[in-house]
Amino acid sequence: MSEERAREAVALAAAAAWLPGEVVCAYVPFGTEPGSTSLLDQLLDQGKRVLLPIVPDVPGPLEWAVYEDSSSLGPGRLRGLLEPAGRRLGPDTLGTADLVLIPALAVDDAGVRLGRGAGYYDRSLSFAAPGAALIAVVRDAELVRELPAEPHDVRMTGVLTPEQGLAPRPVID
């Protein structure tokens with residue numbers, strides 16, 4: 001991990017101390033996604049129940065399992081992806097979360113999220129509880145004024161960045 005990415009991961013983990021909710025669906029960073037397991041551990045230290053996604057065998061909504069600690073992670077279906085080794089809880093488990101942390105490549109002022117393109121989160125977010133905070137995790141440079149939106153896109157209610165911490169979406173000027 002580069003020095004800059006390590007600094008970002010520390011900042012995101014520190015910001016996690018201010019995140020609301022008792023049940024948090026999060027993710028293990030994959031490739032260049034921001035964050036680290038330190039953020040997950042910070043959530044656990046606060047007494048939160050942390051759920052992590054499992055990529056299903058057939059394209060569809062994500063499944064979820066409980067995160068216990070970094071030793072409970074193992075190789076996932078996609079090369080380089082770590083997933084929890086525990087019992088799969090199913091896509092509807094997302095509906096138990098107060099807060100959902102979602103990796104993104106960019107987020108705009110209106111809460112439109114640009115993902116990696118596989119559609120796993122697009123198919124999963126319909127299972128989120130009404131009123132759950134949907135927080136895209138991005139680098140500060142990945143906040144943009146406007147992105148193209150598709151009818152199936154679920155708008156984010158906030159963003160979490162290394163420098164700004166937690167910020168609401170949509171932005172109201």
# chains A, B, ... in the order shown; residues from 1 in each chain; ligands from 1

call {"tool": "residues_around", "arguments": {"residues": "Ala9 in chain A", "least_positions_apart": "5", "cutoff": "9 Å", "atoms": "only C-alpha atoms", "output": "PyMOL selection string"}}
result
chain A and resi 4+14+34-39+162

call {"tool": "select_by_dssp", "arguments": {"residues": "range 12-97 of chain A", "states": "alpha helix (DSSP H)", "output": "PyMOL selection string"}}
result
chain A and resi 12-15+37-45

call {"tool": "write_last_selection", "arguments": {"atoms": "all heavy atoms", "output": "PDB file, in the first residue's frame"}}
result
ATOM      1  N   LEU A  12      -9.811   7.426   7.264  1.00  0.00           N
ATOM      2  CA  LEU A  12     -11.150   6.825   7.171  1.00  0.00           C
ATOM      3  C   LEU A  12     -11.476   6.036   8.428  1.00  0.00           C
ATOM      4  O   LEU A  12     -12.614   6.083   8.922  1.00  0.00           O
ATOM      5  CB  LEU A  12     -11.249   5.939   5.927  1.00  0.00           C
ATOM      6  CG  LEU A  12     -11.286   6.691   4.600  1.00  0.00           C
ATOM      7  CD1 LEU A  12     -11.141   5.720   3.432  1.00  0.00           C
ATOM      8  CD2 LEU A  12     -12.562   7.503   4.468  1.00  0.00           C
ATOM      9  N   ALA A  13     -10.504   5.322   8.969  1.00  0.00           N
ATOM     10  CA  ALA A  13     -10.737   4.572  10.210  1.00  0.00           C
ATOM     11  C   ALA A  13     -11.055   5.528  11.360  1.00  0.00           C
ATOM     12  O   ALA A  13     -11.952   5.268  12.167  1.00  0.00           O
ATOM     13  CB  ALA A  13      -9.530   3.695  10.546  1.00  0.00           C
ATOM     14  N   ALA A  14     -10.354   6.655  11.424  1.00  0.00           N
ATOM     15  CA  ALA A  14     -10.634   7.650  12.460  1.00  0.00           C
ATOM     16  C   ALA A  14     -12.036   8.230  12.287  1.00  0.00           C
ATOM     17  O   ALA A  14     -12.760   8.438  13.262  1.00  0.00           O
ATOM     18  CB  ALA A  14      -9.582   8.758  12.428  1.00  0.00           C
ATOM     19  N   ALA A  15     -12.443   8.480  11.043  1.00  0.00           N
ATOM     20  CA  ALA A  15     -13.784   9.009  10.774  1.00  0.00           C
ATOM     21  C   ALA A  15     -14.866   8.009  11.162  1.00  0.00           C
ATOM     22  O   ALA A  15     -15.991   8.401  11.492  1.00  0.00           O
ATOM     23  CB  ALA A  15     -13.919   9.393   9.301  1.00  0.00           C
ATOM     24  N   THR A  37      -8.948  -2.759   6.654  1.00  0.00           N
ATOM     25  CA  THR A  37      -9.648  -3.488   7.715  1.00  0.00           C
ATOM     26  C   THR A  37      -9.610  -2.704   9.030  1.00  0.00           C
ATOM     27  O   THR A  37     -10.393  -2.993   9.931  1.00  0.00           O
ATOM     28  CB  THR A  37      -9.077  -4.905   7.913  1.00  0.00           C
ATOM     29  OG1 THR A  37      -7.680  -4.814   8.168  1.00  0.00           O
ATOM     30  CG2 THR A  37      -9.346  -5.777   6.694  1.00  0.00           C
ATOM     31  N   SER A  38      -8.747  -1.699   9.143  1.00  0.00           N
ATOM     32  CA  SER A  38      -8.727  -0.856  10.347  1.00  0.00           C
ATOM     33  C   SER A  38     -10.071  -0.166  10.555  1.00  0.00           C
ATOM     34  O   SER A  38     -10.518  -0.006  11.690  1.00  0.00           O
ATOM     35  CB  SER A  38      -7.625   0.204  10.250  1.00  0.00           C
ATOM     36  OG  SER A  38      -6.375  -0.400  10.192  1.00  0.00           O
ATOM     37  N   LEU A  39     -10.704   0.258   9.483  1.00  0.00           N
ATOM     38  CA  LEU A  39     -12.024   0.874   9.584  1.00  0.00           C
ATOM     39  C   LEU A  39     -13.029  -0.142  10.137  1.00  0.00           C
ATOM     40  O   LEU A  39     -13.821   0.173  11.021  1.00  0.00           O
ATOM     41  CB  LEU A  39     -12.478   1.394   8.219  1.00  0.00           C
ATOM     42  CG  LEU A  39     -13.786   2.160   8.205  1.00  0.00           C
ATOM     43  CD1 LEU A  39     -13.738   3.232   7.139  1.00  0.00           C
ATOM     44  CD2 LEU A  39     -14.976   1.277   7.955  1.00  0.00           C
ATOM     45  N   LEU A  40     -12.965  -1.374   9.638  1.00  0.00           N
ATOM     46  CA  LEU A  40     -13.865  -2.422  10.121  1.00  0.00           C
ATOM     47  C   LEU A  40     -13.625  -2.697  11.596  1.00  0.00           C
ATOM     48  O   LEU A  40     -14.570  -2.861  12.379  1.00  0.00           O
ATOM     49  CB  LEU A  40     -13.676  -3.702   9.298  1.00  0.00           C
ATOM     50  CG  LEU A  40     -13.855  -3.563   7.784  1.00  0.00           C
ATOM     51  CD1 LEU A  40     -13.491  -4.862   7.087  1.00  0.00           C
ATOM     52  CD2 LEU A  40     -15.248  -3.106   7.439  1.00  0.00           C
ATOM     53  N   ASP A  41     -12.355  -2.753  11.983  1.00  0.00           N
ATOM     54  CA  ASP A  41     -12.014  -3.005  13.386  1.00  0.00           C
ATOM     55  C   ASP A  41     -12.480  -1.861  14.286  1.00  0.00           C
ATOM     56  O   ASP A  41     -12.922  -2.096  15.417  1.00  0.00           O
ATOM     57  CB  ASP A  41     -10.513  -3.231  13.536  1.00  0.00           C
ATOM     58  CG  ASP A  41     -10.048  -4.506  12.849  1.00  0.00           C
ATOM     59  OD1 ASP A  41     -10.873  -5.437  12.665  1.00  0.00           O
ATOM     60  OD2 ASP A  41      -8.856  -4.584  12.490  1.00  0.00           O
ATOM     61  N   GLN A  42     -12.399  -0.635  13.783  1.00  0.00           N
ATOM     62  CA  GLN A  42     -12.887   0.520  14.546  1.00  0.00           C
ATOM     63  C   GLN A  42     -14.394   0.382  14.804  1.00  0.00           C
ATOM     64  O   GLN A  42     -14.873   0.657  15.891  1.00  0.00           O
ATOM     65  CB  GLN A  42     -12.577   1.822  13.785  1.00  0.00           C
ATOM     66  CG  GLN A  42     -13.182   3.067  14.361  1.00  0.00           C
ATOM     67  CD  GLN A  42     -12.504   3.526  15.627  1.00  0.00           C
ATOM     68  OE1 GLN A  42     -11.804   2.795  16.294  1.00  0.00           O
ATOM     69  NE2 GLN A  42     -12.732   4.762  15.990  1.00  0.00           N
ATOM     70  N   LEU A  43     -15.133  -0.050  13.789  1.00  0.00           N
ATOM     71  CA  LEU A  43     -16.576  -0.256  13.958  1.00  0.00           C
ATOM     72  C   LEU A  43     -16.848  -1.328  15.006  1.00  0.00           C
ATOM     73  O   LEU A  43     -17.731  -1.168  15.858  1.00  0.00           O
ATOM     74  CB  LEU A  43     -17.215  -0.631  12.620  1.00  0.00           C
ATOM     75  CG  LEU A  43     -17.189   0.446  11.535  1.00  0.00           C
ATOM     76  CD1 LEU A  43     -17.624  -0.137  10.189  1.00  0.00           C
ATOM     77  CD2 LEU A  43     -18.055   1.639  11.918  1.00  0.00           C
ATOM     78  N   LEU A  44     -16.088  -2.414  14.956  1.00  0.00           N
ATOM     79  CA  LEU A  44     -16.238  -3.479  15.967  1.00  0.00           C
ATOM     80  C   LEU A  44     -15.929  -2.956  17.365  1.00  0.00           C
ATOM     81  O   LEU A  44     -16.638  -3.276  18.326  1.00  0.00           O
ATOM     82  CB  LEU A  44     -15.316  -4.659  15.659  1.00  0.00           C
ATOM     83  CG  LEU A  44     -15.705  -5.593  14.535  1.00  0.00           C
ATOM     84  CD1 LEU A  44     -14.667  -6.703  14.397  1.00  0.00           C
ATOM     85  CD2 LEU A  44     -17.084  -6.192  14.741  1.00  0.00           C
ATOM     86  N   ASP A  45     -14.869  -2.163  17.481  1.00  0.00           N
ATOM     87  CA  ASP A  45     -14.474  -1.613  18.786  1.00  0.00           C
ATOM     88  C   ASP A  45     -15.577  -0.745  19.384  1.00  0.00           C
ATOM     89  O   ASP A  45     -15.651  -0.592  20.601  1.00  0.00           O
ATOM     90  CB  ASP A  45     -13.188  -0.795  18.658  1.00  0.00           C
ATOM     91  CG  ASP A  45     -11.960  -1.662  18.398  1.00  0.00           C
ATOM     92  OD1 ASP A  45     -12.046  -2.909  18.559  1.00  0.00           O
ATOM     93  OD2 ASP A  45     -10.914  -1.093  18.014  1.00  0.00           O
TER      94      ASP A  45
END

call {"tool": "closest_atom_pairs", "arguments": {"of": "range 39-70 of chain A", "to": "range 121-125 of chain A", "cutoff": "7 Å", "atoms": "only C-alpha atoms", "output": "Markdown table"}}
result
| residue | atom | partner | partner_atom | distance |
| --- | --- | --- | --- | --- |
| A:Gly60 | CA | A:Arg123 | CA | 6.3 |
| A:Pro61 | CA | A:Ser124 | CA | 4.4 |
| A:Leu62 | CA | A:Ser124 | CA | 5.8 |

call {"tool": "residues_around", "arguments": {"residues": "Leu19 in chain A", "least_positions_apart": "4", "cutoff": "10 Å", "atoms": "only C-alpha atoms", "output": "PDB file with C-alpha atoms, in the first residue's frame"}}
result
ATOM      1  CA  ALA A  14     -10.634   7.650  12.460  1.00  0.00           C
ATOM      2  CA  ALA A  15     -13.784   9.009  10.774  1.00  0.00           C
ATOM      3  CA  VAL A  24     -23.211  -1.542   9.557  1.00  0.00           C
ATOM      4  CA  LEU A  43     -16.576  -0.256  13.958  1.00  0.00           C
ATOM      5  CA  GLN A  46     -17.555   0.633  19.007  1.00  0.00           C
ATOM      6  CA  LEU A  99     -25.701   2.283   7.735  1.00  0.00           C
ATOM      7  CA  ALA A 133     -27.813   5.793   5.557  1.00  0.00           C
ATOM      8  CA  LEU A 160     -17.167   9.400   3.574  1.00  0.00           C
ATOM      9  CA  GLY A 165     -15.073  12.784   6.810  1.00  0.00           C
ATOM     10  CA  LEU A 166     -18.823  12.211   6.626  1.00  0.00           C
TER      11      LEU A 166
END

call {"tool": "residues_around", "arguments": {"residues": "Leu81 in chain A", "least_positions_apart": "2", "cutoff": "10 Å", "atoms": "only C-alpha atoms", "output": "PyMOL selection string"}}
result
chain A and resi 28-31+54-55+73-79+83

call {"tool": "residues_around", "arguments": {"residues": "Asp92 in chain A", "least_positions_apart": "3", "cutoff": "8 Å", "atoms": "only C-alpha atoms", "output": "PDB file with C-alpha atoms, in the first residue's frame"}}
result
ATOM      1  CA  LEU A  89     -26.953 -14.623   5.650  1.00  0.00           C
ATOM      2  CA  GLY A  95     -32.277  -4.616   5.439  1.00  0.00           C
ATOM      3  CA  THR A  96     -31.055  -4.952   9.042  1.00  0.00           C
ATOM      4  CA  PHE A 127     -32.831  -4.613   0.066  1.00  0.00           C
ATOM      5  CA  ALA A 128     -31.709  -1.680   2.261  1.00  0.00           C
TER       6      ALA A 128
END

call {"tool": "closest_residue", "arguments": {"among": "A:Ala65, A:Val50, A:Ala129, A:Ala136", "to": "Val107 in chain A", "atoms": "only C-alpha atoms"}}
result
A:Ala136

call {"tool": "atom_distance", "arguments": {"atom1": "CA of Val58 in chain A", "atom2": "CA of Arg116 in chain A"}}
result
17.2 Å

call {"tool": "residues_around", "arguments": {"residues": "Asp140 in chain A", "least_positions_apart": "2", "cutoff": "7 Å", "atoms": "only C-alpha atoms", "output": "number ranges by chain"}}
result
A: 138, 142-143, 161-163

call {"tool": "write_last_selection", "arguments": {"atoms": "N, CA and C atoms", "output": "tab-separated table (two decimals), in the first residue's frame"}}
result
chain	number	residue	atom	x	y	z
A	138	VAL	N	-15.20	7.30	-0.81
A	138	VAL	CA	-14.38	7.75	-1.94
A	138	VAL	C	-13.23	8.61	-1.43
A	142	GLU	N	-12.48	12.27	-5.78
A	142	GLU	CA	-13.51	11.52	-6.49
A	142	GLU	C	-14.91	12.09	-6.27
A	143	LEU	N	-14.98	13.23	-5.59
A	143	LEU	CA	-16.23	13.97	-5.47
A	143	LEU	C	-16.32	14.89	-6.68
A	161	THR	N	-15.09	10.57	3.15
A	161	THR	CA	-13.80	10.78	2.49
A	161	THR	C	-12.71	10.95	3.55
A	162	PRO	N	-11.45	10.72	3.16
A	162	PRO	CA	-10.36	10.88	4.12
A	162	PRO	C	-10.23	12.30	4.69
A	163	GLU	N	-10.43	13.32	3.87
A	163	GLU	CA	-10.23	14.69	4.34
A	163	GLU	C	-11.49	15.32	4.92
